[in-house]
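Asker: So that you have it, the file is query.cif, and it contains mmCIF, C-alpha atoms:
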```cif
data_data
loop_
_atom_site.label_atom_id
_atom_site.label_comp_id
_atom_site.auth_asym_id
_atom_site.auth_seq_id
_atom_site.Cartn_x
_atom_site.Cartn_y
_atom_site.Cartn_z
CA MET E 1326 -3.98 98.32 -17.28
CA SER E 1327 -5.48 96.20 -14.54
CA GLY E 1328 -7.55 93.08 -15.09
CA SER E 1329 -10.72 94.91 -14.07
CA GLY E 1330 -9.87 97.61 -16.63
CA HIS E 1331 -9.81 94.95 -19.34
CA ASP E 1332 -13.16 93.60 -18.15
CA HIS E 1333 -14.52 97.13 -18.21
CA MET E 1334 -13.34 97.54 -21.80
CA ARG E 1335 -14.82 94.18 -22.82
CA HIS E 1336 -18.12 95.48 -21.48
CA HIS E 1337 -17.66 98.57 -23.68
CA LEU E 1338 -16.88 96.45 -26.75
CA LYS E 1339 -20.11 94.49 -26.23
CA ALA E 1340 -22.06 97.75 -25.97
CA TYR E 1341 -20.50 99.03 -29.24
CA VAL E 1342 -21.59 95.92 -31.09
CA GLY E 1343 -25.09 96.26 -29.60
CA VAL E 1344 -25.28 99.91 -30.71
CA PHE E 1345 -24.12 98.92 -34.21
CA VAL E 1346 -26.95 96.37 -34.47
CA ALA E 1347 -29.48 98.94 -33.18
CA LEU E 1348 -28.27 101.56 -35.71
CA MET E 1349 -28.62 99.06 -38.56
CA ALA E 1350 -32.13 98.11 -37.38
CA CYS E 1351 -33.12 101.81 -37.24
CA THR E 1352 -31.76 102.32 -40.76
CA VAL E 1353 -33.88 99.42 -42.04
CA ILE E 1354 -36.95 100.87 -40.27
CA THR E 1355 -36.55 104.41 -41.59
CA VAL E 1356 -35.91 103.25 -45.18
CA GLY E 1357 -38.76 100.73 -44.97
CA VAL E 1358 -41.20 103.37 -43.73
CA SER E 1359 -40.19 105.72 -46.57
CA TYR E 1360 -41.46 103.16 -49.11
CA VAL E 1361 -44.92 103.22 -47.49
CA HIS E 1362 -45.39 106.91 -48.47
CA LEU E 1363 -47.14 108.09 -45.29
CA ALA E 1364 -48.86 111.49 -45.07
CA ALA E 1365 -46.21 114.24 -45.03
CA SER E 1366 -46.53 115.24 -41.36
CA LEU E 1367 -46.47 111.63 -40.16
CA ALA E 1368 -43.54 110.76 -42.44
CA VAL E 1369 -41.51 113.72 -41.12
CA THR E 1370 -42.34 112.79 -37.51
CA VAL E 1371 -41.34 109.13 -37.92
CA ALA E 1372 -38.16 109.96 -39.87
CA MET E 1373 -37.01 112.56 -37.32
CA ILE E 1374 -37.82 110.33 -34.32
CA VAL E 1375 -35.78 107.47 -35.80
CA ALA E 1376 -32.93 109.87 -36.70
CA THR E 1377 -32.96 111.29 -33.16
CA VAL E 1378 -32.80 107.79 -31.67
CA LYS E 1379 -29.85 106.94 -33.95
CA GLY E 1380 -28.11 110.23 -33.22
CA SER E 1381 -28.58 109.77 -29.49
CA LEU E 1382 -27.08 106.28 -29.62
CA VAL E 1383 -24.02 107.59 -31.49
CA ALA E 1384 -23.61 110.50 -29.06
CA ALA E 1385 -24.22 108.45 -25.90
CA TYR E 1386 -22.03 105.43 -26.70
CA PHE E 1387 -19.52 106.26 -29.46
CA MET E 1388 -18.94 109.83 -28.23
CA HIS E 1389 -19.14 108.69 -24.58
CA LEU E 1390 -21.69 111.34 -23.62
CA LYS E 1391 -23.33 108.73 -21.37
CA SER E 1392 -20.64 109.52 -18.80
CA GLU E 1393 -18.80 112.76 -19.48
CA GLN E 1394 -17.49 115.71 -17.51
CA PRO E 1395 -19.95 118.49 -16.54
CA ALA E 1396 -17.96 121.04 -18.60
CA ILE E 1397 -18.97 119.21 -21.80
CA TYR E 1398 -22.61 119.03 -20.76
CA TRP E 1399 -22.60 122.79 -20.15
CA ILE E 1400 -21.08 123.50 -23.56
CA LEU E 1401 -23.70 121.29 -25.21
CA ALA E 1402 -26.59 122.76 -23.20
CA LEU E 1403 -25.62 126.24 -24.38
CA THR E 1404 -25.28 124.93 -27.95
CA ALA E 1405 -28.73 123.34 -27.71
CA VAL E 1406 -30.31 126.68 -26.72
CA PHE E 1407 -28.87 128.45 -29.76
CA TRP E 1408 -29.65 125.48 -32.00
CA VAL E 1409 -33.32 125.66 -31.01
CA LEU E 1410 -33.30 129.41 -31.73
CA VAL E 1411 -31.86 128.80 -35.20
CA MET E 1412 -34.46 126.08 -35.86
CA PHE E 1413 -37.27 128.48 -34.94
CA LEU E 1414 -36.15 131.15 -37.41
CA PRO E 1415 -38.10 129.53 -40.29
CA LEU E 1416 -41.23 129.55 -38.13
CA LEU E 1417 -40.77 133.25 -37.34
CA ALA E 1418 -40.26 133.98 -41.04
CA TYR E 1419 -43.37 131.98 -41.87
CA LEU E 1420 -45.48 133.80 -39.28
CA GLY E 1421 -44.15 137.11 -40.59
CA SER E 1422 -45.04 136.25 -44.18
CA THR E 1423 -48.62 135.27 -43.31
CA GLY E 1424 -49.19 138.44 -41.31
CA VAL E 1425 -49.72 136.60 -38.00
CA ARG E 1426 -48.24 138.64 -35.17
CA MET S 1028 7.62 124.69 -25.17
CA GLN S 1029 5.61 121.84 -23.72
CA ILE S 1030 1.88 121.90 -24.53
CA PRO S 1031 0.05 121.60 -21.20
CA TYR S 1032 -2.69 119.09 -20.34
CA THR S 1033 -2.33 116.79 -23.35
CA VAL S 1034 -2.61 113.69 -21.19
CA GLU S 1035 -3.29 114.81 -17.64
CA VAL S 1036 -6.65 116.31 -16.76
CA ARG S 1037 -6.90 120.05 -16.14
CA PRO S 1038 -8.32 120.46 -12.61
CA ASP S 1039 -10.81 123.24 -13.40
CA THR S 1040 -12.40 121.65 -16.50
CA GLY S 1041 -11.91 118.00 -15.54
CA LEU S 1042 -10.74 117.43 -19.14
CA SER S 1043 -7.60 117.34 -21.22
CA ASN S 1044 -7.24 120.48 -23.34
CA ALA S 1045 -7.66 118.53 -26.58
CA LYS S 1046 -10.99 117.13 -25.49
CA LEU S 1047 -12.34 120.51 -24.39
CA GLY S 1048 -11.09 121.96 -27.68
CA ILE S 1049 -12.76 119.37 -29.90
CA TRP S 1050 -16.08 119.77 -28.06
CA LEU S 1051 -15.99 123.56 -28.50
CA PHE S 1052 -15.24 122.99 -32.19
CA LEU S 1053 -18.11 120.48 -32.47
CA ALA S 1054 -20.43 123.02 -30.80
CA SER S 1055 -19.55 125.48 -33.57
CA GLU S 1056 -20.14 122.72 -36.12
CA VAL S 1057 -23.62 122.10 -34.68
CA MET S 1058 -24.41 125.76 -35.38
CA LEU S 1059 -22.93 125.61 -38.90
CA PHE S 1060 -24.99 122.59 -39.92
CA GLY S 1061 -27.93 123.79 -37.81
CA ALA S 1062 -28.11 127.07 -39.76
CA LEU S 1063 -28.07 125.20 -43.07
CA PHE S 1064 -30.62 122.66 -41.87
CA SER S 1065 -32.83 125.52 -40.73
CA SER S 1066 -32.42 127.10 -44.20
CA TYR S 1067 -33.47 123.81 -45.74
CA VAL S 1068 -36.66 123.78 -43.62
CA LEU S 1069 -37.41 127.41 -44.54
CA LEU S 1070 -36.84 126.80 -48.27
CA ARG S 1071 -38.95 123.67 -48.20
CA VAL S 1072 -41.97 124.97 -46.30
CA SER S 1073 -42.06 128.21 -48.28
CA ALA S 1074 -41.72 126.55 -51.71
CA PRO S 1075 -44.92 126.20 -53.76
CA GLN S 1076 -43.77 122.71 -54.76
CA TRP S 1077 -40.98 120.52 -53.44
CA PRO S 1078 -39.99 117.16 -54.91
CA HIS S 1079 -39.82 114.06 -52.74
CA GLY S 1080 -36.19 113.15 -52.17
CA TYR S 1081 -36.78 109.59 -53.33
CA GLU S 1082 -38.00 110.87 -56.70
CA GLU S 1083 -34.84 112.90 -57.37
CA LEU S 1084 -32.16 110.86 -55.60
CA SER S 1085 -31.12 107.23 -55.22
CA VAL S 1086 -32.36 105.83 -51.90
CA PRO S 1087 -30.50 102.48 -52.30
CA LEU S 1088 -27.15 104.25 -52.82
CA ALA S 1089 -27.76 106.55 -49.83
CA THR S 1090 -28.84 103.59 -47.67
CA PHE S 1091 -25.62 101.82 -48.65
CA ASN S 1092 -23.66 104.96 -47.73
CA THR S 1093 -25.48 105.19 -44.39
CA ILE S 1094 -24.42 101.63 -43.58
CA ILE S 1095 -20.85 102.47 -44.66
CA LEU S 1096 -20.65 105.55 -42.44
CA ILE S 1097 -22.17 103.84 -39.39
CA SER S 1098 -19.72 100.96 -39.84
CA SER S 1099 -16.84 103.45 -40.04
CA SER S 1100 -17.96 104.94 -36.73
CA VAL S 1101 -17.83 101.46 -35.19
CA THR S 1102 -14.32 100.78 -36.53
CA MET S 1103 -13.24 104.20 -35.21
CA VAL S 1104 -14.45 103.52 -31.67
CA MET S 1105 -12.99 99.99 -31.85
CA SER S 1106 -9.60 101.49 -32.73
CA TRP S 1107 -9.69 103.61 -29.57
CA ALA S 1108 -10.85 100.65 -27.48
CA GLN S 1109 -7.94 98.54 -28.78
CA LEU S 1110 -5.49 101.28 -27.80
CA LYS S 1111 -7.03 101.32 -24.32
CA LEU S 1112 -6.33 97.56 -24.21
CA LYS S 1113 -2.72 98.34 -25.28
CA ARG S 1114 -3.10 96.58 -28.62
CA PRO S 1115 -1.70 99.01 -31.22
CA VAL S 1116 -1.69 96.57 -34.16
CA PRO S 1117 -5.46 95.89 -34.28
CA ALA S 1118 -6.01 99.56 -33.38
CA ARG S 1119 -4.17 100.63 -36.55
CA MET S 1120 -6.08 98.08 -38.60
CA TYR S 1121 -9.38 99.50 -37.34
CA LEU S 1122 -8.16 103.03 -38.09
CA TRP S 1123 -7.21 102.07 -41.66
CA SER S 1124 -10.61 100.39 -42.01
CA THR S 1125 -12.24 103.68 -41.00
CA VAL S 1126 -10.23 105.49 -43.69
CA ALA S 1127 -11.14 102.85 -46.29
CA LEU S 1128 -14.87 103.05 -45.46
CA ALA S 1129 -14.73 106.86 -45.63
CA LEU S 1130 -13.13 106.63 -49.09
CA LEU S 1131 -15.85 104.20 -50.17
CA PHE S 1132 -18.48 106.70 -48.97
CA LEU S 1133 -16.87 109.41 -51.11
CA VAL S 1134 -16.69 107.15 -54.17
CA VAL S 1135 -20.44 106.47 -53.91
CA LYS S 1136 -21.12 110.18 -53.34
CA LEU S 1137 -19.04 111.16 -56.38
CA TYR S 1138 -20.88 108.55 -58.45
CA GLU S 1139 -24.18 110.15 -57.37
CA TYR S 1140 -22.88 113.64 -58.20
CA SER S 1141 -21.57 112.63 -61.63
CA HIS S 1142 -24.91 110.98 -62.40
CA HIS S 1143 -26.71 114.26 -61.59
CA PHE S 1144 -24.25 116.34 -63.59
CA ALA S 1145 -24.61 114.03 -66.60
CA LEU S 1146 -28.36 114.78 -66.52
CA GLY S 1147 -27.70 118.52 -66.25
CA GLU S 1148 -28.86 118.51 -62.62
CA TYR S 1149 -26.55 121.21 -61.33
CA PRO S 1150 -27.16 123.17 -58.11
CA ARG S 1151 -28.64 126.04 -60.18
CA ALA S 1152 -31.28 123.72 -61.67
CA SER S 1153 -33.62 123.90 -58.68
CA THR S 1154 -33.80 125.02 -55.05
CA PHE S 1155 -33.96 121.36 -54.00
CA LEU S 1156 -30.72 120.57 -55.85
CA ALA S 1157 -29.09 123.76 -54.55
CA ILE S 1158 -29.64 122.87 -50.89
CA TYR S 1159 -28.94 119.17 -51.58
CA PHE S 1160 -25.50 119.97 -53.05
CA THR S 1161 -24.78 122.54 -50.32
CA LEU S 1162 -25.57 120.17 -47.45
CA THR S 1163 -24.02 117.01 -48.89
CA GLY S 1164 -21.07 118.98 -50.30
CA LEU S 1165 -20.23 120.50 -46.92
CA HIS S 1166 -20.67 117.08 -45.32
CA GLY S 1167 -18.40 115.57 -47.99
CA LEU S 1168 -15.70 118.15 -47.17
CA HIS S 1169 -15.93 116.99 -43.56
CA VAL S 1170 -15.48 113.39 -44.69
CA ILE S 1171 -12.33 114.44 -46.59
CA GLY S 1172 -11.07 116.19 -43.44
CA GLY S 1173 -11.69 113.02 -41.43
CA ILE S 1174 -9.77 110.93 -43.97
CA ALA S 1175 -6.80 113.31 -43.69
CA VAL S 1176 -6.73 113.19 -39.88
CA ASN S 1177 -7.40 109.45 -39.53
CA GLY S 1178 -4.97 108.66 -42.36
CA TYR S 1179 -2.28 110.65 -40.57
CA LEU S 1180 -2.98 108.91 -37.24
CA ALA S 1181 -2.97 105.47 -38.85
CA GLY S 1182 0.15 106.25 -40.91
CA PRO S 1183 3.05 108.52 -39.85
CA GLY S 1184 1.25 109.78 -36.73
CA ALA S 1185 1.18 106.26 -35.27
CA ALA S 1186 4.88 106.61 -34.34
CA MET S 1187 3.68 108.52 -31.28
CA TRP S 1188 2.40 105.24 -29.83
CA ARG S 1189 6.01 104.31 -29.00
CA SER S 1190 7.03 107.67 -27.52
CA ASP S 1191 3.80 108.72 -25.77
CA PRO S 1192 1.08 106.04 -25.94
CA GLU S 1193 -1.41 107.88 -23.73
CA ARG S 1194 -1.23 111.03 -25.83
CA TYR S 1195 -1.62 108.99 -29.01
CA THR S 1196 -4.69 107.27 -27.53
CA ASN S 1197 -6.16 110.70 -26.71
CA ARG S 1198 -5.50 111.86 -30.28
CA VAL S 1199 -7.42 108.88 -31.65
CA GLU S 1200 -10.25 109.56 -29.19
CA VAL S 1201 -10.48 113.23 -30.23
CA ALA S 1202 -10.32 112.35 -33.94
CA GLY S 1203 -13.06 109.81 -33.17
CA LEU S 1204 -15.30 112.44 -31.58
CA TYR S 1205 -15.03 114.46 -34.79
CA TRP S 1206 -15.66 111.40 -36.94
CA HIS S 1207 -18.76 110.35 -34.96
CA PHE S 1208 -20.09 113.89 -35.41
CA VAL S 1209 -19.69 113.55 -39.19
CA ASP S 1210 -21.67 110.29 -38.93
CA LEU S 1211 -24.30 112.01 -36.78
CA VAL S 1212 -24.81 114.79 -39.35
CA TRP S 1213 -25.34 112.20 -42.08
CA ILE S 1214 -27.90 110.38 -39.88
CA PHE S 1215 -30.06 113.54 -40.13
CA LEU S 1216 -29.22 114.48 -43.72
CA PHE S 1217 -30.15 111.03 -45.04
CA PRO S 1218 -33.87 111.07 -44.09
CA ALA S 1219 -34.23 114.84 -44.63
CA LEU S 1220 -32.87 114.81 -48.19
CA TYR S 1221 -33.53 111.30 -49.48
CA LEU S 1222 -36.52 109.85 -47.66
CA LEU S 1223 -38.95 112.76 -47.23
#
```
Render the structure in this file as structure tokens.

Answerer:
Amino acid sequence: MSGSGHDHMRHHLKAYVGVFVALMACTVITVGVSYVHLAASLAVTVAMIVATVKGSLVAAYFMHLKSEQPAIYWILALTAVFWVLVMFLPLLAYLGSTGVR
Amino acid sequence: MQIPYTVEVRPDTGLSNAKLGIWLFLASEVMLFGALFSSYVLLRVSAPQWPHGYEELSVPLATFNTIILISSSVTMVMSWAQLKLKRPVPARMYLWSTVALALLFLVVKLYEYSHHFALGEYPRASTFLAIYFTLTGLHGLHVIGGIAVNGYLAGPGAAMWRSDPERYTNRVEVAGLYWHFVDLVWIFLFPALYLL
């Protein structure tokens, strides 16, 4: 590997440490907020926002999605569509049970 | 027969076959966990009462396990980075650390389970416990799978570094993608089950 390759990797290593610190900070935040006992809707919103930030950091840096091949983005875009559909099934069931059409 | 595109990139996908394969597998895993997560939402919103996770489960233990799993993701990506720098010895150390952290996660999880069982809190006891054991149990099986793969790569599988270092590096990367996904699932399970 060339010298510039090593420098490139050192840059990566720094980023990994930074992401680790950010993930720990997010964990402290989400646990801390849970002890405050916010109203249900607010608690869910905060918890899911923090989890999404953490998940995005893992996917972008550790799984290298920050710079991947288009083929992978296409696979994930298709997955996201079906994932959203699956997540909306409870809502459809709920609307059905309350008679809202 | 030689397996094609283990190291070199396939022109039409721009990827090695292993990497395309693991991403297709992870896409199916998103749907598997997505369906169960969706079931959890449905069960929760349609239940007349639902306990707060922190009343039924141990938040400190789960926080500890979250830190363990995030750390194991870092050691996993460090192992790959060390291989890229052509340093197999620290790479193996990082890989063994990942295995050790995963085992620690399971020990804590089993301690939690045994505590529930001792109190008669089996999956049949309530809908909350049923979905809790289903989600964390399936996740735990994935952790066991990760230990098997990473243990193999750190142990006997590491011999490939001498014969085909690039292919070995790719194997660690692909195993890492799986392992980071297992971490990612936990990142969502932790607040959903324990904190809300």

Asker: Within 10 Å of stretch 1068-1073 of chain S, which residues of stretch 1107-1204 of chain S come that close, and what is the closest atom pair and distance in Å for each? Count all atoms listed in the file and give it as a tab-separated table.

Answerer:
```
residue	atom	partner	partner_atom	distance
S:Thr1154	CA	S:Leu1070	CA	7.6
S:Phe1155	CA	S:Arg1071	CA	8.0
S:Ile1158	CA	S:Leu1070	CA	8.6
```

Asker: Can you translate the PyMOL selection byres ((chain E) within 7 of (chain S)) into the concrete residues it hits in this file, as a list in words?

Answerer: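 Listing what the PyMOL selection byres ((chain E) within 7 of (chain S)) selects in the shown file: His1331, Met1334, Tyr1341, Phe1345, Ser1359, Ala1368, Val1369, Ala1372, Ala1376, Gly1380, Val1383, Phe1387, Met1388, Gln1394, Ala1396, Ile1397, Leu1401, Thr1404, Trp1408, Val1411, Met1412 and Pro1415 of chain E.
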
Asker: How many Å separate atom CA of S:Phe1132 from atom CA of S:Pro1183?

Answerer: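 These atoms are spaced 23.5 Å apart.
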
Asker: Centre and edge lengths, as JSON, for the axis-aligned box enclosing every listed atom of stretch 1178-1181 of chain S with 5 Å of padding on each of the six sides, in Å to one decimal?

Answerer:
```
{"center_x": -3.6, "center_y": 108.1, "center_z": -39.8, "size_x": 12.7, "size_y": 15.2, "size_z": 15.1}
```

Asker: Please measure the separation of atom CA of S:Pro1031 and atom CA of S:Asn1044, giving the value in Å to one decimal.

Answerer: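 Spanning atom CA of S:Pro1031 to atom CA of S:Asn1044 is a straight-line distance of 7.7 Å.
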
Asker: What is the atom CA of S:Glu1139-atom CA of S:Ala1152 distance in Å, reported with one decimal?

Answerer: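 Answer for the atom CA of S:Glu1139 to atom CA of S:Ala1152 separation: 15.9 Å.
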
Asker: With only C-alpha atoms as the basis for distance, which of E:His1362, E:Val1409, E:Cys1351, E:Tyr1386 is at the shortest distance from E:Lys1339?

Answerer: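 For E:Lys1339, the nearest of the given residues is E:Tyr1386.
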
Asker: Determine the residue set returned by the PyMOL selection byres ((chain S and resi 1178) around 12) for the present structure, and present it as JSON, numbers by chain.

Answerer: {"S": [1103, 1119, 1120, 1121, 1122, 1123, 1124, 1125, 1126, 1127, 1128, 1129, 1130, 1170, 1171, 1172, 1173, 1174, 1175, 1176, 1177, 1179, 1180, 1181, 1182, 1183, 1184, 1185, 1199, 1202]}

Asker: Counting all atoms listed in the file, figure out which residue out of S:Ala1118, S:His1142, S:Tyr1159, S:Trp1107 gets nearest to E:His1389.

Answerer: S:Trp1107
